[in-house]
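So this one's target-v5.txt, compact mmCIF, C-alpha atoms and all ligand atoms:
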# COMPACT_ATOMS: atom_id res chain seq x y z
CA MET A 466 48.87 -12.41 57.67
CA ARG A 467 47.96 -9.79 55.09
CA LEU A 468 50.25 -11.45 52.58
CA ARG A 469 48.65 -14.84 53.26
CA ARG A 470 45.17 -13.47 52.67
CA LEU A 471 46.31 -11.92 49.42
CA LEU A 472 47.79 -15.22 48.34
CA ILE A 473 44.55 -17.01 49.13
CA ILE A 474 42.58 -14.48 47.13
CA GLY A 475 45.10 -14.85 44.31
CA ALA A 476 44.69 -18.62 44.31
CA ALA A 477 40.90 -18.32 44.25
CA MET A 478 41.06 -15.98 41.26
CA LEU A 479 43.29 -18.43 39.50
CA VAL A 480 40.79 -21.23 40.07
CA ILE A 481 37.99 -19.06 38.68
CA SER A 482 39.95 -18.08 35.60
CA CYS A 483 41.01 -21.67 34.91
CA GLU A 484 37.44 -22.95 34.82
CA PRO A 485 36.36 -23.69 31.24
CA LYS A 486 34.14 -20.84 30.02
CA PRO A 487 30.64 -22.06 29.15
CA GLN A 488 30.16 -21.55 25.45
CA VAL A 489 27.53 -19.59 23.57
CA TRP A 490 27.01 -20.99 20.12
CA HIS A 491 26.38 -18.52 17.26
CA THR A 492 25.31 -18.82 13.69
CA GLU A 493 24.02 -16.40 11.07
CA PHE A 494 22.35 -16.51 7.69
CA PRO A 495 20.36 -14.14 5.46
CA ALA A 496 16.54 -14.10 5.45
CA PHE A 497 13.75 -11.47 5.34
CA GLY A 498 16.18 -9.14 3.57
CA THR A 499 18.40 -8.95 6.64
CA ARG A 500 20.94 -10.92 8.65
CA ILE A 501 19.55 -13.47 11.07
CA GLU A 502 21.71 -14.29 14.09
CA ILE A 503 21.01 -17.13 16.46
CA SER A 504 22.79 -17.48 19.79
CA ILE A 505 22.26 -20.56 21.92
CA ALA A 506 23.61 -21.34 25.39
CA GLY A 507 23.52 -24.34 27.67
CA VAL A 508 23.31 -27.22 25.19
CA PRO A 509 25.93 -29.21 23.28
CA GLU A 510 26.90 -27.83 19.89
CA PRO A 511 25.26 -30.58 17.79
CA SER A 512 21.83 -29.81 19.36
CA ALA A 513 22.32 -26.07 18.78
CA ARG A 514 23.38 -26.64 15.19
CA GLN A 515 20.48 -28.96 14.43
CA ALA A 516 17.88 -26.55 15.86
CA SER A 517 19.42 -23.58 14.00
CA ASP A 518 19.35 -25.50 10.74
CA ARG A 519 15.65 -26.06 11.23
CA ILE A 520 15.09 -22.34 11.89
CA LYS A 521 17.01 -21.51 8.71
CA VAL A 522 14.76 -23.80 6.65
CA LEU A 523 11.67 -22.33 8.34
CA PHE A 524 12.74 -18.70 7.76
CA GLU A 525 13.61 -19.30 4.12
CA ALA A 526 10.18 -20.86 3.56
CA LEU A 527 8.34 -18.05 5.42
CA HIS A 528 10.31 -15.39 3.58
CA HIS A 529 9.20 -16.79 0.23
CA ARG A 530 5.65 -17.38 1.46
CA TRP A 531 5.22 -13.86 2.80
CA GLN A 532 6.72 -11.87 -0.08
CA PRO A 533 3.97 -9.39 -1.02
CA TRP A 534 4.69 -9.62 -4.73
CA GLY A 535 5.80 -12.56 -6.85
CA ASP A 536 5.08 -16.26 -6.97
CA GLY A 537 4.93 -17.02 -3.23
CA GLU A 538 1.69 -17.77 -1.38
CA LEU A 539 1.05 -14.12 -0.38
CA GLY A 540 2.15 -12.87 -3.81
CA ARG A 541 -0.50 -15.02 -5.48
CA PHE A 542 -3.07 -13.97 -2.90
CA ASN A 543 -2.28 -10.29 -3.47
CA ALA A 544 -2.58 -10.62 -7.25
CA GLN A 545 -6.19 -11.73 -6.70
CA LEU A 546 -6.86 -8.95 -4.17
CA MET A 547 -5.51 -6.28 -6.51
CA ASP A 548 -7.71 -7.64 -9.24
CA THR A 549 -11.06 -8.18 -7.52
CA GLY A 550 -10.78 -7.41 -3.79
CA SER A 551 -11.31 -11.08 -2.95
CA ALA A 552 -8.72 -13.83 -2.69
CA THR A 553 -8.29 -17.50 -1.84
CA GLY A 554 -5.23 -18.88 -0.03
CA ASP A 555 -4.41 -21.66 2.38
CA ALA A 556 -5.86 -21.55 5.89
CA GLU A 557 -2.49 -20.80 7.48
CA LEU A 558 -1.95 -17.72 5.35
CA LEU A 559 -5.48 -16.49 6.04
CA ASP A 560 -4.90 -17.02 9.73
CA THR A 561 -1.65 -15.01 9.61
CA ILE A 562 -3.31 -12.13 7.73
CA ARG A 563 -6.21 -12.15 10.13
CA GLN A 564 -3.84 -12.10 13.09
CA ALA A 565 -1.99 -9.14 11.54
CA MET A 566 -5.23 -7.28 10.89
CA ALA A 567 -6.37 -7.79 14.46
CA TYR A 568 -3.62 -5.28 15.29
CA THR A 569 -5.16 -2.84 12.84
CA ARG A 570 -8.22 -2.71 15.06
CA LEU A 571 -6.17 -2.65 18.28
CA SER A 572 -3.94 0.17 17.00
CA GLY A 573 -6.76 2.39 15.76
CA GLY A 574 -5.59 1.81 12.17
CA ARG A 575 -1.97 2.92 12.67
CA PHE A 576 -0.72 -0.59 11.93
CA ASN A 577 -2.42 -1.66 8.73
CA PRO A 578 -1.03 -4.43 6.51
CA ALA A 579 -3.43 -3.32 3.74
CA VAL A 580 -0.82 -0.70 2.74
CA ALA A 581 1.01 -3.03 0.30
CA ALA A 582 0.09 -1.18 -2.90
CA LEU A 583 1.07 2.15 -1.33
CA VAL A 584 4.40 0.74 -0.13
CA ARG A 585 5.04 -0.51 -3.65
CA GLU A 586 4.14 2.87 -5.16
CA TRP A 587 6.65 4.50 -2.81
CA GLY A 588 9.26 2.13 -4.19
CA PHE A 589 10.00 0.37 -0.91
CA SER A 590 9.09 -3.09 -2.19
CA GLN A 591 11.84 -3.23 -4.77
CA ALA A 592 15.60 -3.36 -4.38
CA ALA A 593 16.28 0.06 -5.93
CA PRO A 594 14.27 2.83 -4.23
CA ILE A 595 12.81 5.76 -6.16
CA SER A 596 14.24 9.24 -5.77
CA ALA A 597 11.16 11.50 -5.57
CA PRO A 598 7.69 11.12 -3.97
CA PRO A 599 5.13 9.41 -6.23
CA ASP A 600 2.30 11.24 -7.91
CA ARG A 601 -0.14 12.47 -5.25
CA THR A 602 -3.28 11.57 -7.23
CA LYS A 603 -2.06 8.01 -7.61
CA LEU A 604 -1.34 7.79 -3.86
CA MET A 605 -4.84 9.07 -3.02
CA GLU A 606 -6.35 6.52 -5.38
CA LEU A 607 -4.48 3.68 -3.63
CA LEU A 608 -5.40 5.08 -0.23
CA ALA A 609 -9.09 5.18 -1.18
CA ALA A 610 -8.92 1.55 -2.36
CA MET A 611 -7.93 0.28 1.12
CA PRO A 612 -11.01 -1.32 2.70
CA ARG A 613 -12.22 -0.49 6.17
CA GLN A 614 -12.14 -3.34 8.67
CA GLN A 615 -15.92 -3.73 8.65
CA GLN A 616 -15.88 -4.15 4.88
CA ILE A 617 -13.81 -7.33 5.04
CA ASP A 618 -15.48 -10.74 5.31
CA TRP A 619 -13.31 -13.58 6.54
CA PHE A 620 -13.56 -17.25 5.66
CA PRO A 621 -11.09 -20.02 6.59
CA ASP A 622 -9.41 -19.92 3.18
CA ARG A 623 -10.84 -16.74 1.66
CA LEU A 624 -11.07 -13.01 2.21
CA VAL A 625 -13.78 -10.92 0.56
CA SER A 626 -13.80 -7.13 0.25
CA PRO A 627 -15.89 -4.83 -1.96
CA ALA A 628 -13.25 -3.94 -4.57
CA GLY A 629 -9.69 -4.51 -5.77
CA GLY A 630 -6.70 -2.16 -5.92
CA TRP A 631 -5.27 -3.10 -2.52
CA ALA A 632 -3.06 -5.86 -1.09
CA ILE A 633 -1.41 -7.19 2.07
CA ASP A 634 2.10 -6.30 3.29
CA LEU A 635 3.35 -8.37 6.23
CA GLY A 636 6.64 -6.45 6.42
CA GLY A 637 5.73 -4.79 9.72
CA PHE A 638 4.81 -8.08 11.38
CA ALA A 639 6.69 -10.95 9.71
CA LYS A 640 9.85 -10.82 11.79
CA GLY A 641 7.82 -10.83 14.99
CA LEU A 642 5.89 -13.90 13.93
CA ALA A 643 9.07 -15.55 12.71
CA VAL A 644 10.98 -15.10 15.99
CA ASP A 645 8.00 -16.46 17.90
CA ARG A 646 8.00 -19.56 15.71
CA ALA A 647 11.75 -19.91 16.07
CA ILE A 648 11.60 -19.76 19.87
CA LYS A 649 8.80 -22.36 19.84
CA LEU A 650 10.93 -24.60 17.67
CA LEU A 651 13.92 -24.18 20.01
CA ARG A 652 11.81 -25.06 23.03
CA GLU A 653 10.52 -28.18 21.31
CA ALA A 654 14.19 -29.13 20.88
CA GLY A 655 14.77 -28.64 24.63
CA ILE A 656 16.63 -25.32 24.19
CA GLU A 657 15.63 -22.72 26.78
CA ASN A 658 18.49 -20.22 26.47
CA ALA A 659 18.69 -18.41 23.16
CA ILE A 660 18.41 -15.20 21.16
CA VAL A 661 16.87 -15.11 17.72
CA ASN A 662 17.86 -11.79 16.19
CA THR A 663 16.43 -10.64 12.86
CA GLY A 664 18.58 -7.64 11.99
CA GLY A 665 18.24 -5.94 15.39
CA ASP A 666 14.71 -7.10 16.18
CA LEU A 667 14.84 -10.05 18.49
CA ARG A 668 13.36 -12.37 21.04
CA ALA A 669 15.57 -13.60 23.87
CA THR A 670 14.77 -16.36 26.29
CA GLY A 671 16.55 -17.78 29.33
CA ARG A 672 20.10 -16.66 30.08
CA ARG A 673 23.58 -16.46 28.67
CA ASN A 674 24.98 -19.04 31.06
CA GLU A 675 25.27 -17.28 34.47
CA ARG A 676 24.37 -13.85 33.11
CA ALA A 677 21.38 -12.16 31.55
CA TRP A 678 21.50 -11.64 27.79
CA ARG A 679 22.74 -8.12 27.05
CA ILE A 680 21.54 -6.58 23.83
CA GLY A 681 21.98 -3.21 22.15
CA ILE A 682 19.45 -0.87 20.54
CA ARG A 683 20.90 0.73 17.44
CA HIS A 684 21.47 4.48 17.45
CA PRO A 685 19.14 5.82 14.72
CA ARG A 686 21.59 8.43 13.46
CA ARG A 687 25.05 7.13 14.31
CA GLU A 688 27.13 3.98 14.22
CA GLY A 689 26.76 2.01 17.44
CA VAL A 690 24.05 1.73 20.05
CA ILE A 691 21.86 4.29 21.80
CA ALA A 692 21.17 1.99 24.75
CA GLY A 693 21.72 -1.48 26.13
CA ILE A 694 19.18 -3.74 27.81
CA ASP A 695 19.55 -6.88 29.90
CA ILE A 696 17.06 -9.63 29.26
CA ASP A 697 16.66 -12.39 31.77
CA GLY A 698 13.59 -14.45 31.01
CA ASP A 699 11.61 -14.17 27.81
CA GLU A 700 11.19 -10.85 26.02
CA SER A 701 11.10 -9.41 22.52
CA VAL A 702 12.77 -6.13 21.60
CA PHE A 703 11.61 -4.56 18.33
CA THR A 704 12.57 -1.23 16.82
CA SER A 705 10.95 0.52 13.87
CA GLY A 706 13.23 3.13 12.33
CA ASP A 707 13.20 5.67 9.50
CA TYR A 708 16.79 4.64 8.64
CA GLU A 709 15.94 1.16 7.37
CA ARG A 710 14.60 2.08 3.92
CA PHE A 711 14.43 5.68 2.76
CA PHE A 712 15.35 8.23 0.15
CA GLU A 713 15.91 11.95 0.46
CA ASN A 714 14.38 14.54 -1.81
CA GLU A 715 14.75 18.31 -1.40
CA GLY A 716 15.97 17.85 2.16
CA VAL A 717 13.06 15.61 3.24
CA ARG A 718 13.58 12.02 4.27
CA TYR A 719 10.88 9.73 2.85
CA HIS A 720 10.96 6.35 4.59
CA HIS A 721 9.15 3.02 4.50
CA ILE A 722 6.73 3.35 7.44
CA LEU A 723 3.55 4.86 6.06
CA ASP A 724 0.75 6.58 7.91
CA PRO A 725 -2.34 4.68 6.69
CA GLU A 726 -4.38 7.86 7.20
CA THR A 727 -2.39 9.93 4.73
CA GLY A 728 -0.58 7.49 2.44
CA TYR A 729 2.68 9.34 3.22
CA PRO A 730 5.60 8.35 5.47
CA ALA A 731 4.73 8.98 9.13
CA MET A 732 6.59 12.12 10.19
CA GLY A 733 7.99 13.10 13.57
CA THR A 734 9.50 9.77 14.66
CA VAL A 735 13.03 8.60 13.96
CA SER A 736 12.89 5.31 15.84
CA LEU A 737 10.59 3.54 18.23
CA THR A 738 11.49 0.59 20.44
CA VAL A 739 9.06 -1.75 22.18
CA ILE A 740 9.84 -4.50 24.66
CA ALA A 741 7.00 -7.02 24.92
CA GLY A 742 6.50 -10.67 25.72
CA ASN A 743 6.14 -11.99 22.20
CA GLY A 744 7.55 -10.95 18.87
CA ALA A 745 4.24 -10.52 17.06
CA LEU A 746 2.94 -7.98 19.59
CA ALA A 747 6.30 -6.17 19.78
CA ASP A 748 6.65 -5.93 15.99
CA ALA A 749 3.12 -4.75 15.20
CA SER A 750 3.22 -2.32 18.14
CA ALA A 751 6.58 -0.79 17.21
CA THR A 752 5.23 0.03 13.74
CA ALA A 753 1.91 1.34 15.15
CA LEU A 754 3.55 3.52 17.83
CA PHE A 755 6.05 4.85 15.30
CA VAL A 756 3.09 6.05 13.23
CA ALA A 757 1.29 7.47 16.29
CA GLY A 758 4.41 9.63 16.87
CA PRO A 759 5.81 11.89 19.61
CA GLY A 760 3.37 12.79 22.36
CA LYS A 761 0.68 10.56 20.88
CA TRP A 762 2.20 7.11 21.42
CA PRO A 763 1.60 6.87 25.22
CA GLU A 764 -2.16 6.59 24.84
CA LEU A 765 -1.86 3.87 22.21
CA ALA A 766 0.83 2.07 24.24
CA GLN A 767 -1.57 1.96 27.16
CA ALA A 768 -4.37 0.64 24.95
CA LEU A 769 -2.02 -2.08 23.69
CA GLY A 770 -1.04 -2.97 27.28
CA LEU A 771 2.63 -1.99 26.75
CA GLU A 772 4.81 -0.63 29.53
CA LEU A 773 8.23 -0.60 27.90
CA VAL A 774 8.45 1.91 25.05
CA MET A 775 11.11 4.39 23.87
CA LEU A 776 10.78 6.89 21.03
CA VAL A 777 13.45 9.04 19.41
CA ALA A 778 11.79 12.07 17.78
CA SER A 779 13.03 13.92 14.71
CA ASP A 780 13.95 16.90 16.90
CA GLY A 781 16.25 14.64 18.96
CA ARG A 782 13.98 14.29 22.00
CA VAL A 783 13.90 10.82 23.57
CA GLU A 784 10.54 9.97 25.09
CA MET A 785 10.11 6.86 27.21
CA THR A 786 7.96 5.32 29.90
CA ALA A 787 9.24 5.33 33.48
CA ALA A 788 9.43 1.53 33.33
CA MET A 789 11.60 1.76 30.21
CA ALA A 790 13.87 4.33 31.87
CA LYS A 791 14.53 1.78 34.62
CA ARG A 792 15.46 -0.90 32.09
CA VAL A 793 17.63 0.87 29.53
CA MET A 794 21.29 1.69 30.03
CA LEU A 795 21.72 4.78 27.85
CA GLU A 796 25.03 5.46 26.12
CA ASN A 797 26.02 9.09 26.72
CA PRO A 798 22.85 10.00 28.69
CA GLY A 799 24.22 13.53 29.21
CA GLN A 800 23.93 14.18 25.47
CA LEU A 801 20.30 13.06 25.27
CA ASN A 802 17.19 15.10 25.98
CA VAL A 803 15.19 12.40 27.77
CA ILE A 804 11.54 12.91 28.70
CA ILE A 805 9.79 10.42 30.92
CA VAL A 806 6.15 9.95 30.05
CA ASP A 807 4.35 8.36 32.93
CA LYS A 808 0.75 8.69 31.89
CA PRO A 809 -0.82 9.41 28.50
P1 LIG B 901 8.64 -2.26 10.69
O1 LIG B 901 10.10 -2.11 10.38
O2 LIG B 901 8.30 -3.45 11.50
O3 LIG B 901 8.06 -1.01 11.28
O4 LIG B 901 7.89 -2.53 9.31
C1 LIG B 901 7.93 -1.65 8.25
C2 LIG B 901 7.38 -2.33 7.02
O5 LIG B 901 5.99 -2.61 7.22
C3 LIG B 901 7.47 -1.50 5.78
O6 LIG B 901 8.64 -1.77 5.06
C4 LIG B 901 6.23 -1.91 5.02
O7 LIG B 901 6.48 -3.11 4.32
C5 LIG B 901 5.23 -2.21 6.11
N1 LIG B 901 4.44 -1.03 6.55
C6 LIG B 901 4.67 0.28 6.28
N2 LIG B 901 3.78 1.06 6.92
C7 LIG B 901 2.97 0.23 7.61
C8 LIG B 901 1.84 0.42 8.47
N3 LIG B 901 1.40 1.64 8.79
N4 LIG B 901 1.25 -0.68 9.00
C9 LIG B 901 1.70 -1.92 8.70
N5 LIG B 901 2.75 -2.17 7.91
C10 LIG B 901 3.39 -1.11 7.38
MG MG B 902 6.98 -3.81 13.03
Now, as a test, write the supplied structure out as structure tokens.
Amino acid sequence: MRLRRLLIIGAAMLVISCEPKPQVWHTEFPAFGTRIEISIAGVPEPSARQASDRIKVLFEALHHRWQPWGDGELGRFNAQLMDTGSATGDAELLDTIRQAMAYTRLSGGRFNPAVAALVREWGFSQAAPISAPPDRTKLMELLAAMPRQQQIDWFPDRLVSPAGGWAIDLGGFAKGLAVDRAIKLLREAGIENAIVNTGGDLRATGRRNERAWRIGIRHPRREGVIAGIDIDGDESVFTSGDYERFFENEGVRYHHILDPETGYPAMGTVSLTVIAGNGALADASATALFVAGPGKWPELAQALGLELVMLVASDGRVEMTAAMAKRVMLENPGQLNVIIVDKP
């Protein structure tokens, strides 16, 4: 009897393992200075390929369009801003900048795309970074040139501010907008199950066949991941980290996320992860909360309506919301000093 039951179980397992595995289709290509990976489930390969090709064309166009310096749309816009403080561009670009700057207000100025000239001075706009902090007087000059929100007048194809010497950097927001557009494009093609991953920042929708999508959050100081997360539905996971672009000078790490209050890299945070519904909110918020820093981010997260946030501080502490603690599967939790922050 026992043997028969075992045989039946054995046969059932065989049937399961013989079933053809549903495929997940992958592709990757470079854009936005990183590797873009697209994973699509539940549709035939030709549909997946066609939709991915369209995303590739879109991302290449947006990348060129949103370069802060050079001959793209934003580059030309910024040249005018630097010169006079006013600039004309197409309505879509103006709309994007305005959308980005709405987060400046919402984040109490921590996320501020008007930092472009400062980012360039720090050497983070060019391929080869500098090796020592820029001249302080020059930084203060660039900081003083950034307009306050109330000083900017918006028109459908024009932005007017009192004086030049500043420009727009969409680097903290572009990937979020791009993944949102990619997911929209996939849906229009009838694709509901996909991940669009822009170098670790991603939006996932639907499922990986019968399972949720499982994704990893990069460990900020080691190879591998610090945590895994399952996504079943539609969510964006964005991480801002001090390891993406930086140089070290006299034992200090100077990285690419600037505090718009000081003109210097925001200190105290190593990485900050946000899970939110759409990419634009997740991307802008990750940058803003990174700047807010340890102990200070919970209040801003609440103001931004975010429940899922995790911060790794420079002293190794890991701060997260209770909701985030329920979602993340930490690698080596015993080695981490985790602090749950329930209320600001
Ligand atoms: P992220 O990795 O999304 O945090 O974006 C970082 C990039 O955004 C930098 O490389 C800069 O181009 C730009 N950036 C730096 N500091 C800020 C800031 N405080 N607000 C908005 N954008 C910023
Ligand atoms: Mg960002």
Which one of A:Arg782, A:His528, A:Arg500, A:Arg710 sits closest to ligand LIG 901 (chain B) if you count all atoms listed in the file?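 For ligand LIG 901 (chain B), the nearest of the given residues is A:Arg710.
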Close residues to ligand MG 902 (chain B) using only C-alpha atoms and all ligand atoms, limit 6 Å, as a list in words: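 So the residues close to ligand MG 902 (chain B) are Gly637, Phe638, Ser705, Asp748, Ala749, Ala751 and Thr752 of chain A.
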Would you mind exporting C-alpha atoms of the selected residues as a short mmCIF file (atom, residue, chain, number, x, y, z; two decimals), in the frame of the given file?
data_model
loop_
_atom_site.label_atom_id
_atom_site.label_comp_id
_atom_site.auth_asym_id
_atom_site.auth_seq_id
_atom_site.Cartn_x
_atom_site.Cartn_y
_atom_site.Cartn_z
CA GLY A 637 5.73 -4.79 9.72
CA PHE A 638 4.81 -8.08 11.38
CA SER A 705 10.95 0.52 13.87
CA ASP A 748 6.65 -5.93 15.99
CA ALA A 749 3.12 -4.75 15.20
CA ALA A 751 6.58 -0.79 17.21
CA THR A 752 5.23 0.03 13.74
#
What is the distance, in Å and to one decimal place, between atom CA of Val777 of chain A and atom CA of Leu642 of chain A?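 Pair atom CA of Val777 of chain A / atom CA of Leu642 of chain A returns 24.8 Å.
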If you count all atoms listed in the file, which residues fall within 9 Å of segment 589-606 of chain A, apart from same-chain ones fewer than 5 positions away, as a PDB file with C-alpha atoms, in the frame of the given file?
ATOM      1  CA  PRO A 533       3.970  -9.390  -1.020  1.00  0.00           C
ATOM      2  CA  TRP A 534       4.690  -9.620  -4.730  1.00  0.00           C
ATOM      3  CA  ALA A 581       1.010  -3.030   0.300  1.00  0.00           C
ATOM      4  CA  LEU A 583       1.070   2.150  -1.330  1.00  0.00           C
ATOM      5  CA  VAL A 584       4.400   0.740  -0.130  1.00  0.00           C
ATOM      6  CA  GLY A 630      -6.700  -2.160  -5.920  1.00  0.00           C
ATOM      7  CA  ARG A 710      14.600   2.080   3.920  1.00  0.00           C
ATOM      8  CA  PHE A 711      14.430   5.680   2.760  1.00  0.00           C
ATOM      9  CA  PHE A 712      15.350   8.230   0.150  1.00  0.00           C
ATOM     10  CA  GLU A 713      15.910  11.950   0.460  1.00  0.00           C
ATOM     11  CA  ASN A 714      14.380  14.540  -1.810  1.00  0.00           C
ATOM     12  CA  GLU A 715      14.750  18.310  -1.400  1.00  0.00           C
ATOM     13  CA  TYR A 719      10.880   9.730   2.850  1.00  0.00           C
ATOM     14  CA  HIS A 720      10.960   6.350   4.590  1.00  0.00           C
ATOM     15  CA  HIS A 721       9.150   3.020   4.500  1.00  0.00           C
ATOM     16  CA  THR A 727      -2.390   9.930   4.730  1.00  0.00           C
ATOM     17  CA  GLY A 728      -0.580   7.490   2.440  1.00  0.00           C
ATOM     18  CA  TYR A 729       2.680   9.340   3.220  1.00  0.00           C
TER      19      TYR A 729
END
Near Arg623 of chain A, counting all atoms listed in the file, which residues have an atom at most 8 Å away, once you skip same-chain residues fewer than 5 positions from it, shown as a PyMOL selection string? chain A and resi 551-554+559
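Shortest atom-to-atom contact with Ala506 of chain A among A:Lys761, A:Arg673, A:Arg613, A:Arg570: A:Arg673, counting only C-alpha atoms.
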Take every atom of segment 782-798 of chain A listed in the file, pad by 5 Å on each side, and give me the axis-aligned box centre and edge lengths in Å, one decimal, as JSON.
{"center_x": 17.0, "center_y": 6.7, "center_z": 28.3, "size_x": 28.1, "size_y": 25.2, "size_z": 22.6}
To one decimal place, how far is atom CA of Gln767 of chain A from atom CA of Arg575 of chain A in Å?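 These two atoms are separated by 14.5 Å.
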Could you check how far atom N3 of ligand LIG 901 (chain B) sits from atom CA of Val735 of chain A, in Å to one decimal?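 Atom CA of Val735 of chain A lies 14.5 Å from atom N3 of ligand LIG 901 (chain B).
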Residues at most 12 Å from Gly689 of chain A, counting only C-alpha atoms, excluding those fewer than 3 positions away in the same chain, as a list in words? Gly665, Ile680, Gly681, Ile682, Arg683, His684, Pro685, Arg686, Ala692, Gly693, Leu795, Glu796 and Asn797 of chain A
Find the residue from A:Leu746, A:Arg679, A:Asp645, A:Ala778 that sits nearest to Gly706 of chain A; use only C-alpha atoms when measuring.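 Ranked by minimum distance to Gly706 of chain A, first place goes to A:Ala778.
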Spatial neighbours of Leu546 of chain A, 8 Å, only C-alpha atoms, chain gap at least 2 places, as a ChimeraX atom specification: /A:542-544,548-552,629-632
Residue with the minimum atom-to-atom distance to Ser779 of chain A, picked from A:Gly537, A:Pro509, A:Gly655, A:Gly758 with only C-alpha atoms counted, is A:Gly758
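The list of residues with at least one atom within 9 Å of Pro725 of chain A, based on all atoms listed in the file and without residues fewer than 3 positions apart in the same chain, reads Gly574, Arg575, Phe576, Asn577, Ala579, Val580, Leu608, Gly728, Tyr729, Pro730, Ala731 and Val756 of chain A.
Residue nearest ligand LIG 901 (chain B), chosen from A:Met789, A:Ala567, A:Ala766, A:Ile660 and counting all atoms listed in the file: A:Ala567.
Nearest-residue note for ligand LIG 901 (chain B): choosing from A:Trp619, A:Trp678, A:Trp762, A:Trp587, the minimum distance belongs to A:Trp587, counting only C-alpha atoms and all ligand atoms.
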How would segment 617-628 of chain A read, as a PDB file, keeping the file's coordinate frame, once N, CA, C and O atoms are built in?
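Contents of selection31.pdb, as written:
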ATOM      1  N   ILE A 617     -14.473  -6.067   5.387  1.00  0.00           N
ATOM      2  CA  ILE A 617     -13.810  -7.330   5.040  1.00  0.00           C
ATOM      3  C   ILE A 617     -14.572  -8.509   5.649  1.00  0.00           C
ATOM      4  O   ILE A 617     -14.883  -8.506   6.835  1.00  0.00           O
ATOM      5  N   ASP A 618     -14.881  -9.502   4.808  1.00  0.00           N
ATOM      6  CA  ASP A 618     -15.480 -10.740   5.310  1.00  0.00           C
ATOM      7  C   ASP A 618     -14.428 -11.839   5.283  1.00  0.00           C
ATOM      8  O   ASP A 618     -13.728 -12.011   4.291  1.00  0.00           O
ATOM      9  N   TRP A 619     -14.345 -12.547   6.396  1.00  0.00           N
ATOM     10  CA  TRP A 619     -13.310 -13.580   6.540  1.00  0.00           C
ATOM     11  C   TRP A 619     -13.909 -14.967   6.438  1.00  0.00           C
ATOM     12  O   TRP A 619     -14.933 -15.259   7.050  1.00  0.00           O
ATOM     13  N   PHE A 620     -13.227 -15.817   5.709  1.00  0.00           N
ATOM     14  CA  PHE A 620     -13.560 -17.250   5.660  1.00  0.00           C
ATOM     15  C   PHE A 620     -12.262 -18.008   5.900  1.00  0.00           C
ATOM     16  O   PHE A 620     -11.188 -17.429   5.783  1.00  0.00           O
ATOM     17  N   PRO A 621     -12.327 -19.308   6.247  1.00  0.00           N
ATOM     18  CA  PRO A 621     -11.090 -20.020   6.590  1.00  0.00           C
ATOM     19  C   PRO A 621     -10.015 -19.934   5.504  1.00  0.00           C
ATOM     20  O   PRO A 621      -8.825 -19.842   5.799  1.00  0.00           O
ATOM     21  N   ASP A 622     -10.415 -19.943   4.243  1.00  0.00           N
ATOM     22  CA  ASP A 622      -9.410 -19.920   3.180  1.00  0.00           C
ATOM     23  C   ASP A 622      -9.662 -18.776   2.175  1.00  0.00           C
ATOM     24  O   ASP A 622      -9.164 -18.792   1.065  1.00  0.00           O
ATOM     25  N   ARG A 623     -10.462 -17.788   2.618  1.00  0.00           N
ATOM     26  CA  ARG A 623     -10.840 -16.740   1.660  1.00  0.00           C
ATOM     27  C   ARG A 623     -11.123 -15.415   2.371  1.00  0.00           C
ATOM     28  O   ARG A 623     -11.632 -15.397   3.487  1.00  0.00           O
ATOM     29  N   LEU A 624     -10.775 -14.346   1.688  1.00  0.00           N
ATOM     30  CA  LEU A 624     -11.070 -13.010   2.210  1.00  0.00           C
ATOM     31  C   LEU A 624     -11.881 -12.296   1.127  1.00  0.00           C
ATOM     32  O   LEU A 624     -11.546 -12.374  -0.057  1.00  0.00           O
ATOM     33  N   VAL A 625     -12.931 -11.604   1.541  1.00  0.00           N
ATOM     34  CA  VAL A 625     -13.780 -10.920   0.560  1.00  0.00           C
ATOM     35  C   VAL A 625     -13.909  -9.450   0.959  1.00  0.00           C
ATOM     36  O   VAL A 625     -14.268  -9.133   2.099  1.00  0.00           O
ATOM     37  N   SER A 626     -13.590  -8.564   0.015  1.00  0.00           N
ATOM     38  CA  SER A 626     -13.800  -7.130   0.250  1.00  0.00           C
ATOM     39  C   SER A 626     -14.489  -6.552  -0.982  1.00  0.00           C
ATOM     40  O   SER A 626     -14.513  -7.182  -2.034  1.00  0.00           O
ATOM     41  N   PRO A 627     -15.044  -5.348  -0.876  1.00  0.00           N
ATOM     42  CA  PRO A 627     -15.890  -4.830  -1.960  1.00  0.00           C
ATOM     43  C   PRO A 627     -15.181  -4.627  -3.296  1.00  0.00           C
ATOM     44  O   PRO A 627     -15.796  -4.794  -4.350  1.00  0.00           O
ATOM     45  N   ALA A 628     -13.889  -4.253  -3.275  1.00  0.00           N
ATOM     46  CA  ALA A 628     -13.250  -3.940  -4.570  1.00  0.00           C
ATOM     47  C   ALA A 628     -11.754  -4.171  -4.512  1.00  0.00           C
ATOM     48  O   ALA A 628     -11.160  -4.239  -3.424  1.00  0.00           O
TER      49      ALA A 628
END
